[in-house]
Every structure is written in C-alpha cells, then in structure tokens.
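K.L.:
Starting off with a structure, shown below.
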Amino acid sequence: QVQLVESGGGLVQAGESLRLSCAVSGRTYKNYAMGWFRQAPGKEREFVAAIHWSSGLLYYADSVKGRFTISRDNAQNTVSLQMNSLKPEDTADYYCATPNRLAGWPINREFEFYYWGQGTQVTVSS
C-alpha cells in the first residue's frame with residue numbers, strides 16, 4: 001500500500017518561502033508521476049506541479065510557474081515543493097498525490113491520481 005505523508009506547511013508573510021516535503025512509502029517501482037495539488041477554502045482542489053520520478057520531467061500550473069519548483073530525492077524517497085515569492089492567494093491545503101498506474105505525460109488532472117496524502121496547511125499573510 002502506497003502511503004504519502006506531507007510536511008513543511010506553516011504561516012509565512014507574502015514574499016517569503018516555504019519548502020514542502022512528501023515522504024513516499026510502499027512503492028519500489030519508480031516509473032510513476034508525483035504531483036502536488038492545493039485546495040483553498042471554499043474552492044476546488046487544483047493542480048500545482050508534477051514530476052515524473054524516473055525521467056525527471058516537470059510540469060507546472062501557470063499560476064506557480066517561475067516561483068515553485070518540484071523535485072525528488074531518490075535516496076530519501078521524498079518529493080519536495082519549493083515555494084518562493086509566496087502570495088496570499090497561495091494560501092491553501094497542499095496535497096501530495098500519485099497515480100496507481102503508469103500514465104501519459106503531462107499529468108495534471110485530479111482523477112489521474114489515486115493515492116493522496118493527508119495534506120499540509122500553508123497560510124500566506126499580506
């Protein structure tokens with residue numbers, strides 16, 4: 001059973017940075033995509049970024065391009081989201097996710113992801 005555990009959320013001021021991490025367990029075959037989604041209060045969950053674990057391909061939502069960076073650490077089995085120049089509109093619960101099957105690329109639709117973490121809260125004050 002694949003398990004995803006996010007960490008690193010918190011309260012920051014606009015313009016500051018945060019780094020989120022997602023610890024992945026229960027998966028030895030790494031030819032899968034990993035993604036980050038977020039859900040702001042009263043809004044639908046939206047795609048943020050994705051990385052193909054074995055190839056390193058990257059894909060970002062336009063709203064975070066140039067500010068956020070997704071990466072993976074093979075040794076630690078973690079996926080990270082470095083968030084710079086944070087804005088109040090980045091305030092949301094952030095979720096790590098991965099599919100349960102091989103998929104095409106890019107992958108950014110919620111229904112393409114099967115395993116989800118519990119989320120970590122990010123609050124950006126103005």
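To be explicit about the labels: the chains of the structure tokens are called A, B, and onward in the order shown, and within each one the residues are counted from 1, while ligands get numbers from 1 in the order they are shown.
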Name the residues in contact with stretch 98-101 of chain A at a cut-off of 9 Å, using only C-alpha atoms, excluding same-chain residues fewer than 5 positions from it; report them as an NGL selection string.

P.N.:
:A and (2 or 4 or 32-36 or 111-116)

K.L.:
Could you pull out the residues in stretch 18-125 of chain A that DSSP calls strand (DSSP E or B) from the backbone, as a CSV table (one decimal) with all heavy atoms, in the first residue's frame?

P.N.:
```csv
chain,number,residue,atom,x,y,z
A,18,LEU,N,8.6,28.7,1.5
A,18,LEU,CA,8.4,27.5,2.3
A,18,LEU,C,8.8,26.3,1.4
A,18,LEU,O,8.7,26.4,0.2
A,18,LEU,CB,6.9,27.4,2.6
A,18,LEU,CG,6.4,28.0,3.9
A,18,LEU,CD1,4.9,27.7,4.0
A,18,LEU,CD2,7.1,27.4,5.1
A,19,ARG,N,9.2,25.3,2.1
A,19,ARG,CA,9.5,24.0,1.4
A,19,ARG,C,8.7,22.9,1.9
A,19,ARG,O,8.8,22.6,3.1
A,19,ARG,CB,11.0,23.7,1.5
A,19,ARG,CG,11.4,22.5,0.6
A,19,ARG,CD,12.9,22.3,0.8
A,19,ARG,NE,13.4,21.2,0.0
A,19,ARG,CZ,13.8,21.3,-1.3
A,19,ARG,NH1,13.7,22.4,-1.9
A,19,ARG,NH2,14.2,20.2,-2.0
A,20,LEU,N,7.8,22.3,1.1
A,20,LEU,CA,7.0,21.2,1.5
A,20,LEU,C,7.7,19.9,1.1
A,20,LEU,O,8.4,19.8,0.0
A,20,LEU,CB,5.6,21.3,0.8
A,20,LEU,CG,4.8,22.5,1.0
A,20,LEU,CD1,3.5,22.4,0.3
A,20,LEU,CD2,4.7,22.9,2.4
A,21,SER,N,7.5,18.9,1.9
A,21,SER,CA,8.1,17.5,1.6
A,21,SER,C,7.0,16.5,1.6
A,21,SER,O,6.0,16.6,2.4
A,21,SER,CB,9.2,17.2,2.5
A,21,SER,OG,10.3,17.9,2.3
A,22,CYS,N,7.1,15.5,0.8
A,22,CYS,CA,6.2,14.4,0.8
A,22,CYS,C,7.0,13.1,0.8
A,22,CYS,O,7.8,12.8,-0.1
A,22,CYS,CB,5.4,14.4,-0.5
A,22,CYS,SG,4.3,12.9,-0.8
A,23,ALA,N,6.8,12.4,1.9
A,23,ALA,CA,7.5,11.1,2.1
A,23,ALA,C,6.7,10.0,1.5
A,23,ALA,O,5.5,9.8,1.8
A,23,ALA,CB,7.8,10.8,3.6
A,24,VAL,N,7.3,9.2,0.6
A,24,VAL,CA,6.7,8.1,-0.1
A,24,VAL,C,7.1,6.8,0.4
A,24,VAL,O,8.3,6.5,0.5
A,24,VAL,CB,7.0,8.2,-1.6
A,24,VAL,CG1,6.2,7.2,-2.4
A,24,VAL,CG2,6.7,9.6,-2.2
A,25,SER,N,6.2,5.9,0.8
A,25,SER,CA,6.5,4.6,1.2
A,25,SER,C,5.6,3.6,0.5
A,25,SER,O,4.5,4.0,0.0
A,25,SER,CB,6.4,4.4,2.7
A,25,SER,OG,5.0,4.7,3.1
A,33,ALA,N,4.5,9.2,-11.9
A,33,ALA,CA,4.4,10.6,-11.6
A,33,ALA,C,4.1,10.9,-10.2
A,33,ALA,O,3.4,10.1,-9.5
A,33,ALA,CB,3.4,11.3,-12.5
A,34,MET,N,4.6,12.0,-9.7
A,34,MET,CA,4.2,12.5,-8.4
A,34,MET,C,3.7,13.9,-8.6
A,34,MET,O,4.2,14.7,-9.4
A,34,MET,CB,5.4,12.6,-7.4
A,34,MET,CG,6.0,11.2,-7.1
A,34,MET,SD,4.9,10.2,-6.1
A,34,MET,CE,4.6,11.2,-4.7
A,35,GLY,N,2.6,14.3,-7.9
A,35,GLY,CA,2.1,15.6,-8.1
A,35,GLY,C,1.8,16.3,-6.8
A,35,GLY,O,1.7,15.7,-5.7
A,36,TRP,N,1.6,17.6,-6.9
A,36,TRP,CA,1.2,18.5,-5.8
A,36,TRP,C,-0.1,19.2,-6.2
A,36,TRP,O,-0.1,19.7,-7.3
A,36,TRP,CB,2.2,19.5,-5.4
A,36,TRP,CG,3.4,19.0,-4.6
A,36,TRP,CD1,4.6,18.6,-5.1
A,36,TRP,CD2,3.4,18.8,-3.2
A,36,TRP,NE1,5.4,18.2,-4.1
A,36,TRP,CE2,4.7,18.2,-2.9
A,36,TRP,CE3,2.5,18.9,-2.1
A,36,TRP,CZ2,5.1,17.9,-1.6
A,36,TRP,CZ3,2.9,18.6,-0.8
A,36,TRP,CH2,4.2,18.1,-0.6
A,37,PHE,N,-1.1,19.1,-5.4
A,37,PHE,CA,-2.3,19.8,-5.6
A,37,PHE,C,-2.5,20.8,-4.4
A,37,PHE,O,-1.9,20.6,-3.3
A,37,PHE,CB,-3.5,18.9,-5.7
A,37,PHE,CG,-3.6,18.1,-7.0
A,37,PHE,CD1,-2.7,17.1,-7.3
A,37,PHE,CD2,-4.5,18.5,-8.0
A,37,PHE,CE1,-2.7,16.4,-8.5
A,37,PHE,CE2,-4.6,17.8,-9.2
A,37,PHE,CZ,-3.7,16.8,-9.4
A,38,ARG,N,-3.5,21.7,-4.5
A,38,ARG,CA,-3.8,22.5,-3.4
A,38,ARG,C,-5.3,22.8,-3.4
A,38,ARG,O,-5.9,22.8,-4.5
A,38,ARG,CB,-3.0,23.8,-3.4
A,38,ARG,CG,-3.3,24.8,-4.5
A,38,ARG,CD,-2.3,25.9,-4.5
A,38,ARG,NE,-2.6,26.9,-5.5
A,38,ARG,CZ,-1.8,27.9,-5.8
A,38,ARG,NH1,-0.7,28.2,-5.1
A,38,ARG,NH2,-2.1,28.8,-6.8
A,39,GLN,N,-5.8,23.1,-2.2
A,39,GLN,CA,-7.3,23.4,-2.1
A,39,GLN,C,-7.4,24.6,-1.1
A,39,GLN,O,-7.1,24.4,0.1
A,39,GLN,CB,-8.1,22.2,-1.7
A,39,GLN,CG,-9.6,22.5,-1.7
A,39,GLN,CD,-10.4,21.3,-1.5
A,39,GLN,OE1,-9.9,20.2,-1.0
A,39,GLN,NE2,-11.6,21.3,-1.9
A,46,GLU,N,-6.9,22.2,-6.9
A,46,GLU,CA,-6.3,22.5,-8.2
A,46,GLU,C,-4.9,21.9,-8.3
A,46,GLU,O,-4.2,21.8,-7.3
A,46,GLU,CB,-6.3,24.0,-8.4
A,46,GLU,CG,-5.5,24.8,-7.5
A,46,GLU,CD,-5.4,26.3,-7.9
A,46,GLU,OE1,-6.0,26.7,-8.8
A,46,GLU,OE2,-4.6,27.0,-7.1
A,47,PHE,N,-4.5,21.6,-9.5
A,47,PHE,CA,-3.1,21.1,-9.8
A,47,PHE,C,-2.1,22.2,-9.5
A,47,PHE,O,-2.3,23.4,-9.9
A,47,PHE,CB,-3.1,20.6,-11.2
A,47,PHE,CG,-1.7,20.3,-11.7
A,47,PHE,CD1,-1.1,19.1,-11.3
A,47,PHE,CD2,-1.0,21.2,-12.5
A,47,PHE,CE1,0.2,18.9,-11.8
A,47,PHE,CE2,0.3,21.0,-12.9
A,47,PHE,CZ,0.9,19.8,-12.6
A,48,VAL,N,-1.0,21.9,-9.0
A,48,VAL,CA,0.1,22.8,-8.8
A,48,VAL,C,1.4,22.4,-9.6
A,48,VAL,O,1.9,23.2,-10.4
A,48,VAL,CB,0.5,22.9,-7.3
A,48,VAL,CG1,1.7,23.7,-7.1
A,48,VAL,CG2,-0.6,23.3,-6.4
A,49,ALA,N,1.8,21.2,-9.4
A,49,ALA,CA,3.1,20.8,-10.1
A,49,ALA,C,3.1,19.3,-10.1
A,49,ALA,O,2.5,18.6,-9.3
A,49,ALA,CB,4.3,21.3,-9.4
A,50,ALA,N,3.9,18.7,-11.1
A,50,ALA,CA,4.1,17.3,-11.2
A,50,ALA,C,5.5,17.0,-11.7
A,50,ALA,O,6.1,17.8,-12.4
A,50,ALA,CB,3.1,16.7,-12.2
A,51,ILE,N,6.0,15.8,-11.3
A,51,ILE,CA,7.3,15.4,-11.7
A,51,ILE,C,7.2,13.9,-12.0
A,51,ILE,O,6.5,13.1,-11.3
A,51,ILE,CB,8.4,15.6,-10.6
A,51,ILE,CG1,9.8,15.2,-11.1
A,51,ILE,CG2,8.1,14.9,-9.3
A,51,ILE,CD1,10.9,15.7,-10.2
A,52,HIS,N,7.8,13.5,-13.1
A,52,HIS,CA,7.9,12.1,-13.5
A,52,HIS,C,9.2,11.5,-12.8
A,52,HIS,O,10.3,12.0,-13.0
A,52,HIS,CB,8.0,11.9,-15.0
A,52,HIS,CG,7.9,10.4,-15.4
A,52,HIS,ND1,8.9,9.5,-15.4
A,52,HIS,CD2,6.8,9.7,-15.7
A,52,HIS,CE1,8.5,8.4,-15.8
A,52,HIS,NE2,7.2,8.4,-16.0
A,58,LEU,N,9.1,17.7,-15.7
A,58,LEU,CA,8.4,18.6,-14.8
A,58,LEU,C,7.2,19.2,-15.5
A,58,LEU,O,7.2,19.4,-16.8
A,58,LEU,CB,9.4,19.7,-14.4
A,58,LEU,CG,10.7,19.3,-13.7
A,58,LEU,CD1,11.5,20.5,-13.4
A,58,LEU,CD2,10.4,18.4,-12.5
A,59,TYR,N,6.2,19.6,-14.8
A,59,TYR,CA,5.0,20.3,-15.3
A,59,TYR,C,4.5,21.1,-14.2
A,59,TYR,O,4.3,20.7,-13.1
A,59,TYR,CB,4.0,19.2,-15.8
A,59,TYR,CG,2.9,19.8,-16.6
A,59,TYR,CD1,3.2,20.5,-17.8
A,59,TYR,CD2,1.6,19.8,-16.2
A,59,TYR,CE1,2.1,21.0,-18.6
A,59,TYR,CE2,0.6,20.3,-16.9
A,59,TYR,CZ,0.8,20.9,-18.1
A,59,TYR,OH,-0.2,21.5,-18.9
A,60,TYR,N,4.1,22.4,-14.6
A,60,TYR,CA,3.6,23.3,-13.6
A,60,TYR,C,2.3,24.0,-14.0
A,60,TYR,O,2.1,24.2,-15.2
A,60,TYR,CB,4.7,24.4,-13.3
A,60,TYR,CG,6.0,24.0,-12.7
A,60,TYR,CD1,7.1,23.7,-13.5
A,60,TYR,CD2,6.1,23.8,-11.3
A,60,TYR,CE1,8.3,23.2,-12.9
A,60,TYR,CE2,7.3,23.4,-10.7
A,60,TYR,CZ,8.3,23.1,-11.5
A,60,TYR,OH,9.5,22.7,-11.0
A,68,PHE,N,7.5,28.3,-8.0
A,68,PHE,CA,7.6,27.0,-7.3
A,68,PHE,C,8.5,26.0,-8.1
A,68,PHE,O,8.5,26.1,-9.4
A,68,PHE,CB,6.2,26.4,-7.2
A,68,PHE,CG,5.3,27.1,-6.3
A,68,PHE,CD1,5.5,28.3,-5.8
A,68,PHE,CD2,4.1,26.5,-5.9
A,68,PHE,CE1,4.7,29.0,-4.9
A,68,PHE,CE2,3.2,27.1,-5.1
A,68,PHE,CZ,3.5,28.3,-4.6
A,69,THR,N,9.1,25.1,-7.4
A,69,THR,CA,10.0,24.1,-8.0
A,69,THR,C,9.7,22.8,-7.4
A,69,THR,O,9.8,22.6,-6.1
A,69,THR,CB,11.5,24.5,-7.9
A,69,THR,OG1,11.7,25.7,-8.4
A,69,THR,CG2,12.3,23.4,-8.5
A,70,ILE,N,9.4,21.8,-8.2
A,70,ILE,CA,9.1,20.4,-7.7
A,70,ILE,C,10.4,19.6,-7.9
A,70,ILE,O,11.1,19.8,-9.0
A,70,ILE,CB,7.9,19.8,-8.3
A,70,ILE,CG1,7.6,18.4,-7.7
A,70,ILE,CG2,8.1,19.6,-9.8
A,70,ILE,CD1,6.3,17.8,-8.1
A,71,SER,N,10.8,18.8,-7.0
A,71,SER,CA,11.9,17.9,-7.1
A,71,SER,C,11.7,16.6,-6.4
A,71,SER,O,10.8,16.5,-5.6
A,71,SER,CB,13.2,18.6,-6.6
A,71,SER,OG,13.0,18.9,-5.2
A,72,ARG,N,12.6,15.6,-6.7
A,72,ARG,CA,12.5,14.4,-6.0
A,72,ARG,C,13.9,14.0,-5.5
A,72,ARG,O,14.9,14.3,-6.1
A,72,ARG,CB,11.8,13.3,-6.8
A,72,ARG,CG,12.7,12.4,-7.7
A,72,ARG,CD,13.1,13.1,-8.9
A,72,ARG,NE,13.6,12.3,-10.0
A,72,ARG,CZ,14.5,12.6,-10.8
A,72,ARG,NH1,15.1,13.8,-10.6
A,72,ARG,NH2,14.8,11.9,-11.8
A,73,ASP,N,13.9,13.2,-4.4
A,73,ASP,CA,15.2,12.7,-3.8
A,73,ASP,C,15.1,11.2,-3.8
A,73,ASP,O,14.3,10.7,-3.0
A,73,ASP,CB,15.4,13.3,-2.4
A,73,ASP,CG,16.7,12.9,-1.8
A,73,ASP,OD1,17.1,11.8,-2.0
A,73,ASP,OD2,17.3,13.8,-1.1
A,78,THR,N,11.6,11.0,-1.3
A,78,THR,CA,10.7,12.1,-1.0
A,78,THR,C,10.6,13.0,-2.3
A,78,THR,O,11.4,13.0,-3.1
A,78,THR,CB,11.3,13.0,0.1
A,78,THR,OG1,12.6,13.5,-0.2
A,78,THR,CG2,11.4,12.3,1.4
A,79,VAL,N,9.4,13.7,-2.3
A,79,VAL,CA,9.2,14.7,-3.3
A,79,VAL,C,9.0,16.0,-2.6
A,79,VAL,O,8.3,16.1,-1.6
A,79,VAL,CB,7.9,14.4,-4.2
A,79,VAL,CG1,7.6,15.5,-5.1
A,79,VAL,CG2,8.2,13.1,-4.9
A,80,SER,N,9.6,17.1,-3.1
A,80,SER,CA,9.6,18.4,-2.4
A,80,SER,C,8.9,19.4,-3.4
A,80,SER,O,9.0,19.3,-4.6
A,80,SER,CB,11.0,18.8,-2.0
A,80,SER,OG,11.5,17.9,-1.1
A,81,LEU,N,8.4,20.4,-2.7
A,81,LEU,CA,7.9,21.6,-3.4
A,81,LEU,C,8.5,22.8,-2.8
A,81,LEU,O,8.1,23.2,-1.7
A,81,LEU,CB,6.4,21.6,-3.4
A,81,LEU,CG,5.7,22.7,-4.2
A,81,LEU,CD1,5.9,22.4,-5.7
A,81,LEU,CD2,4.2,22.8,-3.9
A,82,GLN,N,9.4,23.4,-3.5
A,82,GLN,CA,10.0,24.7,-3.0
A,82,GLN,C,9.1,25.8,-3.5
A,82,GLN,O,9.0,26.0,-4.7
A,82,GLN,CB,11.4,24.8,-3.5
A,82,GLN,CG,12.1,26.1,-3.1
A,82,GLN,CD,12.3,26.2,-1.7
A,82,GLN,OE1,12.7,25.3,-1.0
A,82,GLN,NE2,12.1,27.4,-1.1
A,83,MET,N,8.6,26.6,-2.6
A,83,MET,CA,7.7,27.7,-2.9
A,83,MET,C,8.3,29.0,-2.5
A,83,MET,O,8.6,29.3,-1.4
A,83,MET,CB,6.4,27.5,-2.2
A,83,MET,CG,5.7,26.1,-2.4
A,83,MET,SD,4.1,26.0,-1.7
A,83,MET,CE,4.5,26.1,0.1
A,92,ALA,N,-3.6,27.7,1.1
A,92,ALA,CA,-4.4,26.5,0.8
A,92,ALA,C,-3.8,25.3,1.6
A,92,ALA,O,-2.7,25.4,2.2
A,92,ALA,CB,-4.3,26.2,-0.7
A,93,ASP,N,-4.6,24.3,1.6
A,93,ASP,CA,-4.0,23.0,2.0
A,93,ASP,C,-3.4,22.3,0.8
A,93,ASP,O,-4.0,22.3,-0.3
A,93,ASP,CB,-5.2,22.1,2.5
A,93,ASP,CG,-5.7,22.6,3.8
A,93,ASP,OD1,-5.0,23.1,4.6
A,93,ASP,OD2,-7.0,22.4,4.0
A,94,TYR,N,-2.1,21.9,1.0
A,94,TYR,CA,-1.4,21.3,-0.1
A,94,TYR,C,-1.3,19.8,0.0
A,94,TYR,O,-1.0,19.3,1.1
A,94,TYR,CB,0.0,21.9,-0.1
A,94,TYR,CG,0.0,23.3,-0.7
A,94,TYR,CD1,-0.5,24.4,0.0
A,94,TYR,CD2,0.6,23.5,-2.0
A,94,TYR,CE1,-0.5,25.6,-0.6
A,94,TYR,CE2,0.6,24.8,-2.6
A,94,TYR,CZ,0.0,25.8,-1.9
A,94,TYR,OH,0.0,27.1,-2.4
A,95,TYR,N,-1.5,19.1,-1.1
A,95,TYR,CA,-1.6,17.6,-1.1
A,95,TYR,C,-0.6,17.0,-2.0
A,95,TYR,O,-0.5,17.5,-3.2
A,95,TYR,CB,-3.0,17.1,-1.4
A,95,TYR,CG,-4.1,17.6,-0.5
A,95,TYR,CD1,-4.7,18.8,-0.7
A,95,TYR,CD2,-4.5,16.8,0.6
A,95,TYR,CE1,-5.7,19.2,0.2
A,95,TYR,CE2,-5.5,17.2,1.5
A,95,TYR,CZ,-6.1,18.4,1.3
A,95,TYR,OH,-7.1,18.8,2.1
A,96,CYS,N,0.0,16.0,-1.6
A,96,CYS,CA,0.9,15.2,-2.5
A,96,CYS,C,0.1,14.0,-3.0
A,96,CYS,O,-0.8,13.5,-2.3
A,96,CYS,CB,2.1,14.7,-1.6
A,96,CYS,SG,3.2,13.6,-2.4
A,97,ALA,N,0.3,13.6,-4.3
A,97,ALA,CA,-0.5,12.5,-4.8
A,97,ALA,C,0.3,11.8,-5.9
A,97,ALA,O,1.3,12.3,-6.5
A,97,ALA,CB,-1.8,13.1,-5.5
A,98,THR,N,-0.2,10.6,-6.2
A,98,THR,CA,0.5,9.8,-7.2
A,98,THR,C,-0.5,8.8,-7.8
A,98,THR,O,-1.4,8.4,-7.1
A,98,THR,CB,1.7,9.0,-6.6
A,98,THR,OG1,2.4,8.4,-7.7
A,98,THR,CG2,1.3,7.9,-5.6
A,115,TYR,N,-3.5,7.8,-5.1
A,115,TYR,CA,-3.0,7.9,-3.7
A,115,TYR,C,-2.8,9.3,-3.3
A,115,TYR,O,-2.2,10.1,-4.0
A,115,TYR,CB,-1.7,7.1,-3.5
A,115,TYR,CG,-1.9,5.6,-3.8
A,115,TYR,CD1,-1.3,5.1,-5.0
A,115,TYR,CD2,-2.5,4.7,-2.9
A,115,TYR,CE1,-1.4,3.7,-5.2
A,115,TYR,CE2,-2.6,3.4,-3.2
A,115,TYR,CZ,-2.1,2.9,-4.4
A,115,TYR,OH,-2.2,1.6,-4.6
A,116,TRP,N,-3.3,9.7,-2.1
A,116,TRP,CA,-3.2,11.1,-1.7
A,116,TRP,C,-2.7,11.1,-0.2
A,116,TRP,O,-3.0,10.2,0.6
A,116,TRP,CB,-4.6,11.7,-1.7
A,116,TRP,CG,-5.1,11.9,-3.1
A,116,TRP,CD1,-5.8,11.0,-3.8
A,116,TRP,CD2,-5.1,13.1,-3.9
A,116,TRP,NE1,-6.1,11.5,-5.1
A,116,TRP,CE2,-5.7,12.8,-5.1
A,116,TRP,CE3,-4.5,14.4,-3.7
A,116,TRP,CZ2,-5.8,13.7,-6.2
A,116,TRP,CZ3,-4.7,15.3,-4.7
A,116,TRP,CH2,-5.3,15.0,-5.9
A,120,THR,N,-1.1,19.4,4.0
A,120,THR,CA,-0.4,20.3,5.0
A,120,THR,C,-0.8,21.7,4.6
A,120,THR,O,-0.9,22.1,3.5
A,120,THR,CB,1.2,20.1,4.9
A,120,THR,OG1,1.8,20.9,5.9
A,120,THR,CG2,1.7,20.5,3.5
A,121,GLN,N,-1.1,22.5,5.7
A,121,GLN,CA,-1.6,23.8,5.5
A,121,GLN,C,-0.6,24.8,5.3
A,121,GLN,O,0.4,24.9,6.0
A,121,GLN,CB,-2.5,24.1,6.7
A,121,GLN,CG,-3.3,25.4,6.6
A,121,GLN,CD,-4.2,25.6,7.8
A,121,GLN,OE1,-3.8,25.6,8.9
A,121,GLN,NE2,-5.5,25.7,7.5
A,122,VAL,N,-0.8,25.7,4.3
A,122,VAL,CA,0.1,26.8,4.0
A,122,VAL,C,-0.8,28.1,4.1
A,122,VAL,O,-1.8,28.2,3.4
A,122,VAL,CB,0.7,26.7,2.6
A,122,VAL,CG1,1.5,28.0,2.3
A,122,VAL,CG2,1.6,25.5,2.6
A,123,THR,N,-0.3,29.0,4.9
A,123,THR,CA,-1.0,30.3,5.1
A,123,THR,C,-0.1,31.4,4.8
A,123,THR,O,1.0,31.5,5.4
A,123,THR,CB,-1.6,30.5,6.4
A,123,THR,OG1,-2.5,29.4,6.7
A,123,THR,CG2,-2.4,31.8,6.5
A,124,VAL,N,-0.4,32.3,3.8
A,124,VAL,CA,0.4,33.4,3.5
A,124,VAL,C,-0.3,34.7,3.8
A,124,VAL,O,-1.4,35.0,3.3
A,124,VAL,CB,0.8,33.4,2.0
A,124,VAL,CG1,1.8,34.5,1.6
A,124,VAL,CG2,1.4,32.0,1.6
A,125,SER,N,0.3,35.5,4.7
A,125,SER,CA,-0.4,36.7,5.2
A,125,SER,C,0.2,37.9,4.3
A,125,SER,O,1.3,37.9,3.9
A,125,SER,CB,-0.1,36.9,6.6
A,125,SER,OG,1.3,37.1,6.9
```

K.L.:
For A:Lys87, find every residue with an atom within 9 Å (counting only C-alpha atoms), except residues of its own chain fewer than 4 positions away, and show them as a list in words.

P.N.:
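So the residues in contact are Gln13, Ala14, Gly15, Glu16, Thr91, Val124, Ser125 and Ser126 of chain A.
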
K.L.:
Find the residues around A:Asn31 up to 8 Å (only C-alpha atoms counted), leave out those fewer than 3 positions away in its own chain, and share them as a PyMOL selection string.

P.N.:
chain A and resi 52-55+102

K.L.:
Could you save the residues just selected, with all heavy atoms, as a compact mmCIF listing (two decimals), in the first residue's frame?

P.N.:
```txt
# COMPACT_ATOMS: atom_id res chain seq x y z
N HIS A 52 7.85 13.48 -13.14
CA HIS A 52 7.92 12.06 -13.45
C HIS A 52 9.17 11.54 -12.76
O HIS A 52 10.27 12.01 -13.04
CB HIS A 52 8.02 11.85 -14.96
CG HIS A 52 7.86 10.43 -15.36
ND1 HIS A 52 8.92 9.55 -15.38
CD2 HIS A 52 6.76 9.73 -15.71
CE1 HIS A 52 8.48 8.37 -15.75
NE2 HIS A 52 7.18 8.44 -15.96
N TRP A 53 8.97 10.58 -11.87
CA TRP A 53 10.06 10.22 -10.97
C TRP A 53 11.30 9.74 -11.71
O TRP A 53 12.41 10.18 -11.42
CB TRP A 53 9.58 9.12 -10.00
CG TRP A 53 10.52 8.98 -8.84
CD1 TRP A 53 11.80 8.51 -8.87
CD2 TRP A 53 10.26 9.33 -7.48
NE1 TRP A 53 12.35 8.55 -7.62
CE2 TRP A 53 11.44 9.03 -6.75
CE3 TRP A 53 9.15 9.85 -6.82
CZ2 TRP A 53 11.52 9.26 -5.39
CZ3 TRP A 53 9.24 10.06 -5.46
CH2 TRP A 53 10.41 9.77 -4.75
N SER A 54 11.16 8.86 -12.67
CA SER A 54 12.35 8.26 -13.27
C SER A 54 13.00 9.18 -14.31
O SER A 54 14.21 9.25 -14.41
CB SER A 54 12.02 6.92 -13.92
OG SER A 54 11.02 7.08 -14.89
N SER A 55 12.19 9.93 -15.07
CA SER A 55 12.75 10.76 -16.13
C SER A 55 13.07 12.17 -15.67
O SER A 55 13.88 12.86 -16.29
CB SER A 55 11.78 10.83 -17.32
OG SER A 55 10.62 11.57 -16.96
N LEU A 102 0.73 3.46 -14.60
CA LEU A 102 1.51 4.31 -15.47
C LEU A 102 0.57 5.17 -16.31
O LEU A 102 -0.50 4.72 -16.73
CB LEU A 102 2.40 3.46 -16.38
CG LEU A 102 3.42 2.58 -15.67
CD1 LEU A 102 4.23 1.78 -16.68
CD2 LEU A 102 4.34 3.42 -14.80
```

K.L.:
May I ask which of the residues A:Lys65, A:Glu89, A:Gly10, A:Leu57 is the closest one to A:Lys43, counting only C-alpha atoms?

P.N.:
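Nearest to A:Lys43: A:Glu89.
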
K.L.:
One number please: atom CA of A:Leu86 to atom CA of A:Val12, in Å, one decimal.

P.N.:
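Between atom CA of A:Leu86 and atom CA of A:Val12 the gap works out to 8.2 Å.
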
K.L.:
Check the DSSP output for the backbone and give back, as a list in words, the residues of stretch 26-126 of chain A in helix (DSSP H, G or I).

P.N.:
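Answer for stretch 26-126 of chain A, restricted to helix (DSSP H, G or I): Pro88, Glu89, Asp90, Glu110, Phe111 and Glu112 of chain A.
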
K.L.:
Save out the residues we just selected, C-alpha atoms, as a tab-separated table (two decimals), in the first residue's frame.

P.N.:
```tsv
chain	number	residue	atom	x	y	z
A	88	PRO	CA	-1.74	35.44	-0.16
A	89	GLU	CA	-3.54	33.61	-2.96
A	90	ASP	CA	-1.20	30.64	-2.43
A	110	GLU	CA	-7.19	15.11	-10.23
A	111	PHE	CA	-8.83	11.88	-11.42
A	112	GLU	CA	-5.49	10.64	-12.77
```

K.L.:
What is the atom CA of A:Ala75 to atom CA of A:Leu11 distance in Å?

P.N.:
28.8 Å

K.L.:
Of the candidates A:Asn84, A:Asn77, A:Val64, A:Ser17, which one gets nearest to A:Val5 if we count only C-alpha atoms?

P.N.:
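Of the candidates, the smallest distance to A:Val5 is held by A:Asn77.
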